[in-house]
>>> print(open('run.pdb').read())   # PDB, C-alpha atoms
MODEL        1
ATOM      1  CA  MET Z   1     269.467  79.325  44.774
ATOM      2  CA  TYR Z   2     266.327  80.390  42.923
ATOM      3  CA  ALA Z   3     264.628  81.321  46.208
ATOM      4  CA  ASP Z   4     267.564  83.558  47.216
ATOM      5  CA  SER Z   5     267.477  85.350  43.862
ATOM      6  CA  LEU Z   6     263.734  85.852  44.175
ATOM      7  CA  LYS Z   7     264.126  87.239  47.700
ATOM      8  CA  ARG Z   8     266.767  89.730  46.531
ATOM      9  CA  ILE Z   9     264.559  90.865  43.639
ATOM     10  CA  LEU Z  10     261.554  91.303  45.913
ATOM     11  CA  LYS Z  11     263.650  93.218  48.439
ATOM     12  CA  ARG Z  12     264.903  95.616  45.740
ATOM     13  CA  THR Z  13     261.339  96.084  44.474
ATOM     14  CA  ASP Z  14     260.145  96.940  47.998
ATOM     15  CA  GLU Z  15     263.026  99.405  48.418
ATOM     16  CA  ARG Z  16     262.138 101.131  45.147
ATOM     17  CA  ARG Z  17     258.459 101.267  46.055
ATOM     18  CA  GLY Z  18     259.352 102.768  49.443
ATOM     19  CA  CYS Z  19     261.585 105.303  47.735
ATOM     20  CA  ILE Z  20     258.809 106.375  45.360
ATOM     21  CA  VAL Z  21     256.292 106.671  48.200
ATOM     22  CA  GLY Z  22     258.911 108.626  50.153
ATOM     23  CA  TRP Z  23     259.311 111.127  47.326
ATOM     24  CA  LEU Z  24     255.556 111.581  47.086
ATOM     25  CA  THR Z  25     255.517 112.904  50.658
ATOM     26  CA  PHE Z  26     257.627 115.870  49.556
ATOM     27  CA  TRP Z  27     254.755 117.296  47.536
ATOM     28  CA  ASN Z  28     253.514 118.486  50.915
ATOM     29  CA  PRO Z  29     255.451 121.737  51.535
ATOM     30  CA  LYS Z  30     255.690 120.987  55.277
ATOM     31  CA  ASN Z  31     257.549 117.737  54.637
ATOM     32  CA  LEU Z  32     259.792 119.430  52.110
ATOM     33  CA  GLN Z  33     260.537 122.212  54.584
ATOM     34  CA  LYS Z  34     261.426 119.701  57.330
ATOM     35  CA  LYS Z  35     263.837 117.861  55.046
ATOM     36  CA  VAL Z  36     265.527 121.086  53.905
ATOM     37  CA  ASP Z  37     265.804 122.191  57.540
ATOM     38  CA  MET Z  38     267.693 118.946  58.250
ATOM     39  CA  TYR Z  39     270.358 120.167  55.834
ATOM     40  CA  GLY Z  40     270.703 123.377  57.851
ATOM     41  CA  TYR Z  41     268.913 125.719  55.466
ATOM     42  CA  HIS Z  42     265.617 127.567  55.745
ATOM     43  CA  PHE Z  43     262.905 126.899  53.177
ATOM     44  CA  SER Z  44     259.747 128.923  53.671
ATOM     45  CA  TRP Z  45     256.301 128.874  52.113
ATOM     46  CA  LYS Z  46     257.205 132.083  50.325
ATOM     47  CA  THR Z  47     260.259 130.466  48.724
ATOM     48  CA  HIS Z  48     258.160 127.457  47.733
ATOM     49  CA  ALA Z  49     255.489 129.656  46.146
ATOM     50  CA  VAL Z  50     258.108 131.683  44.247
ATOM     51  CA  MET Z  51     259.726 128.499  42.905
ATOM     52  CA  ILE Z  52     256.374 127.159  41.717
ATOM     53  CA  PHE Z  53     255.531 130.506  40.097
ATOM     54  CA  LEU Z  54     258.923 130.682  38.341
ATOM     55  CA  ALA Z  55     258.600 127.083  37.133
ATOM     56  CA  LEU Z  56     255.121 127.763  35.763
ATOM     57  CA  ALA Z  57     256.232 130.997  34.122
ATOM     58  CA  GLY Z  58     259.254 129.250  32.596
ATOM     59  CA  VAL Z  59     257.195 126.412  31.132
ATOM     60  CA  ILE Z  60     254.569 128.782  29.777
ATOM     61  CA  GLY Z  61     257.323 131.003  28.321
ATOM     62  CA  ILE Z  62     259.068 128.071  26.673
ATOM     63  CA  GLY Z  63     255.692 126.821  25.406
ATOM     64  CA  ALA Z  64     255.062 130.223  23.832
ATOM     65  CA  VAL Z  65     258.528 130.358  22.232
ATOM     66  CA  PHE Z  66     258.158 126.876  20.734
ATOM     67  CA  ARG Z  67     254.436 127.405  20.028
ATOM     68  CA  LEU Z  68     253.328 124.294  21.862
ATOM     69  CA  LYS Z  69     249.676 123.356  21.891
ATOM     70  CA  ALA Z  70     247.747 123.590  25.143
ATOM     71  CA  GLY Z  71     248.019 119.835  25.720
ATOM     72  CA  GLY Z  72     251.803 119.940  25.445
ATOM     73  CA  VAL Z  73     252.037 122.862  27.857
ATOM     74  CA  VAL Z  74     249.787 121.055  30.364
ATOM     75  CA  ILE Z  75     251.939 117.917  30.169
ATOM     76  CA  ALA Z  76     255.113 119.960  30.620
ATOM     77  CA  LEU Z  77     253.567 121.861  33.562
ATOM     78  CA  THR Z  78     252.551 118.604  35.211
ATOM     79  CA  ALA Z  79     256.038 117.152  34.800
ATOM     80  CA  VAL Z  80     257.693 120.273  36.187
ATOM     81  CA  ILE Z  81     255.367 120.469  39.202
ATOM     82  CA  MET Z  82     255.898 116.768  39.941
ATOM     83  CA  MET Z  83     259.700 117.090  39.730
ATOM     84  CA  LEU Z  84     260.012 120.387  41.604
ATOM     85  CA  PRO Z  85     260.327 118.877  45.131
ATOM     86  CA  VAL Z  86     263.010 116.464  43.896
ATOM     87  CA  LEU Z  87     264.949 119.310  42.285
ATOM     88  CA  VAL Z  88     264.644 121.496  45.393
ATOM     89  CA  LEU Z  89     265.890 118.708  47.663
ATOM     90  CA  ASP Z  90     268.721 117.905  45.300
ATOM     91  CA  MET Z  91     269.778 121.559  45.232
ATOM     92  CA  TYR Z  92     269.856 121.845  49.039
ATOM     93  CA  HIS Z  93     271.549 118.448  49.399
ATOM     94  CA  LYS Z  94     274.331 119.526  47.031
ATOM     95  CA  MET Z  95     274.790 122.798  48.921
ATOM     96  CA  TYR Z  96     275.011 120.815  52.182
ATOM     97  CA  GLU Z  97     277.608 118.441  50.751
ATOM     98  CA  GLN Z  98     279.636 121.337  49.317
ATOM     99  CA  LYS Z  99     279.688 122.960  52.761
ATOM    100  CA  ARG Z 100     280.866 119.707  54.346
ATOM    101  CA  PHE Z 101     283.613 119.336  51.755
ATOM    102  CA  ALA Z 102     284.733 122.945  52.213
ATOM    103  CA  ASP Z 103     284.870 122.427  56.004
ATOM    104  CA  ALA Z 104     286.935 119.254  55.599
ATOM    105  CA  ALA Z 105     289.346 120.941  53.191
ATOM    106  CA  GLU Z 106     289.714 123.951  55.496
ATOM    107  CA  TYR Z 107     290.300 121.631  58.459
ATOM    108  CA  MET Z 108     292.991 119.682  56.619
ATOM    109  CA  GLU Z 109     294.773 122.829  55.475
ATOM    110  CA  GLN Z 110     294.698 124.486  58.899
ATOM    111  CA  MET Z 111     295.759 121.295  60.710
ATOM    112  CA  LEU Z 112     298.709 120.891  58.353
ATOM    113  CA  TYR Z 113     299.978 124.428  58.940
ATOM    114  CA  ALA Z 114     299.331 124.351  62.697
ATOM    115  CA  PHE Z 115     301.053 120.982  63.099
ATOM    116  CA  GLN Z 116     304.065 122.115  61.077
ATOM    117  CA  LYS Z 117     304.321 125.182  63.299
ATOM    118  CA  THR Z 118     304.063 123.459  66.708
ATOM    119  CA  GLY Z 119     304.694 119.769  66.083
ATOM    120  CA  LYS Z 120     301.967 118.878  68.608
ATOM    121  CA  ILE Z 121     298.595 117.437  67.612
ATOM    122  CA  LEU Z 122     296.700 118.817  70.599
ATOM    123  CA  SER Z 123     297.887 122.393  70.123
ATOM    124  CA  ALA Z 124     297.261 122.123  66.368
ATOM    125  CA  LEU Z 125     293.691 120.964  67.047
ATOM    126  CA  LYS Z 126     293.113 123.852  69.469
ATOM    127  CA  GLU Z 127     294.389 126.341  66.909
ATOM    128  CA  THR Z 128     292.271 124.746  64.179
ATOM    129  CA  ARG Z 129     289.171 124.843  66.368
ATOM    130  CA  GLU Z 130     289.361 128.644  66.507
ATOM    131  CA  ILE Z 131     288.807 129.115  62.765
ATOM    132  CA  PHE Z 132     285.451 127.301  62.787
ATOM    133  CA  GLU Z 133     282.159 128.852  63.845
ATOM    134  CA  GLU Z 134     279.753 126.983  66.077
ATOM    135  CA  GLY Z 135     278.625 123.942  64.178
ATOM    136  CA  LYS Z 136     279.256 120.330  63.407
ATOM    137  CA  MET Z 137     282.944 120.613  62.508
ATOM    138  CA  ARG Z 138     283.798 122.649  65.600
ATOM    139  CA  SER Z 139     281.959 120.226  67.873
ATOM    140  CA  CYS Z 140     283.812 117.270  66.298
ATOM    141  CA  ILE Z 141     287.148 118.987  66.876
ATOM    142  CA  GLU Z 142     286.177 119.802  70.473
ATOM    143  CA  GLN Z 143     285.261 116.154  71.103
ATOM    144  CA  VAL Z 144     288.661 115.040  69.824
ATOM    145  CA  ILE Z 145     290.400 117.637  72.008
ATOM    146  CA  LEU Z 146     288.510 116.402  75.072
ATOM    147  CA  LYS Z 147     289.432 112.797  74.326
ATOM    148  CA  LEU Z 148     293.091 113.667  73.866
ATOM    149  CA  GLU Z 149     293.186 115.726  77.076
ATOM    150  CA  PHE Z 150     291.740 112.897  79.158
ATOM    151  CA  ILE Z 151     293.991 110.149  77.804
TER     152      ILE Z 151
ENDMDL
END
>>> encode(input="run.pdb", output="structure tokens")
Amino acid sequence: MYADSLKRILKRTDERRGCIVGWLTFWNPKNLQKKVDMYGYHFSWKTHAVMIFLALAGVIGIGAVFRLKAGGVVIALTAVIMMLPVLVLDMYHKMYEQKRFADAAEYMEQMLYAFQKTGKILSALKETREIFEEGKMRSCIEQVILKLEFI
């Protein structure tokens, strides 16, 4: 019993350590760009530089407004620069998930209306397919259509 608990604790510790090391790789703009590209968005060096500049300007501006000492501004700058890749990834991840949700909602709505109109699933799927651009949702619908046609 004690050995199992210890194994679970060690496993969670290793997972956390791997997660932290994983986040450190995103300080390299190339790694950050690859991850953002996986979400279907483009993240260039220019965008990265602008974000860093705006973050630095914001911290310096807030430091001036609150009259922070140089040490406080340096600590705040360090924290912002360290968290910037996490914030960027989170922003693009949320945009990706919002797009997926919007596609699913649009699919459900269109399928409902098309099915009510024809009463046939296959024709409703074909009509629904037409509203989607080339992408993941359209390819999923096309796969379902192919499976239904060959059954």
>>> closest_residue(input="run.pdb", among="Z:Gln110, Z:Thr25, Z:Thr118, Z:Gln143", to="Ile131 in chain Z", atoms="only C-alpha atoms")
Z:Gln110
>>> closest_residue(input="run.pdb", among="Z:Val86, Z:Gln33, Z:Thr128, Z:Glu149", to="Ala114 in chain Z", atoms="only C-alpha atoms")
Z:Thr128
>>> axis_aligned_box(input="run.pdb", around="range 139-149 of chain Z", padding_each_side="3 Å", output="AutoDock Vina command-line options")
--center_x 287.6 --center_y 116.5 --center_z 71.7 --size_x 17.2 --size_y 13.4 --size_z 16.8
>>> closest_residue(input="run.pdb", among="Z:Met82, Z:Ala49, Z:Leu56, Z:Val65", to="Leu24 in chain Z", atoms="only C-alpha atoms")
Z:Met82
>>> closest_residue(input="run.pdb", among="Z:Leu89, Z:Cys140, Z:Ala79, Z:Ile121", to="Asp103 in chain Z", atoms="only C-alpha atoms")
Z:Cys140
>>> resolve_selection(input="run.pdb", expression="the PyMOL selection byres ((chain Z and resi 77) around 12)", output="ChimeraX atom specification")
/Z:52-63,68,70-76,78-84
>>> closest_residue(input="run.pdb", among="Z:Lys46, Z:Met51, Z:Leu125, Z:Glu142", to="Pro85 in chain Z", atoms="only C-alpha atoms")
Z:Met51
>>> residues_around(input="run.pdb", residues="Phe43 in chain Z", least_positions_apart="6", cutoff="9 Å", atoms="only C-alpha atoms", output="list in words")
Leu32, Gln33, Lys34, Val36 and Asp37 of chain Z
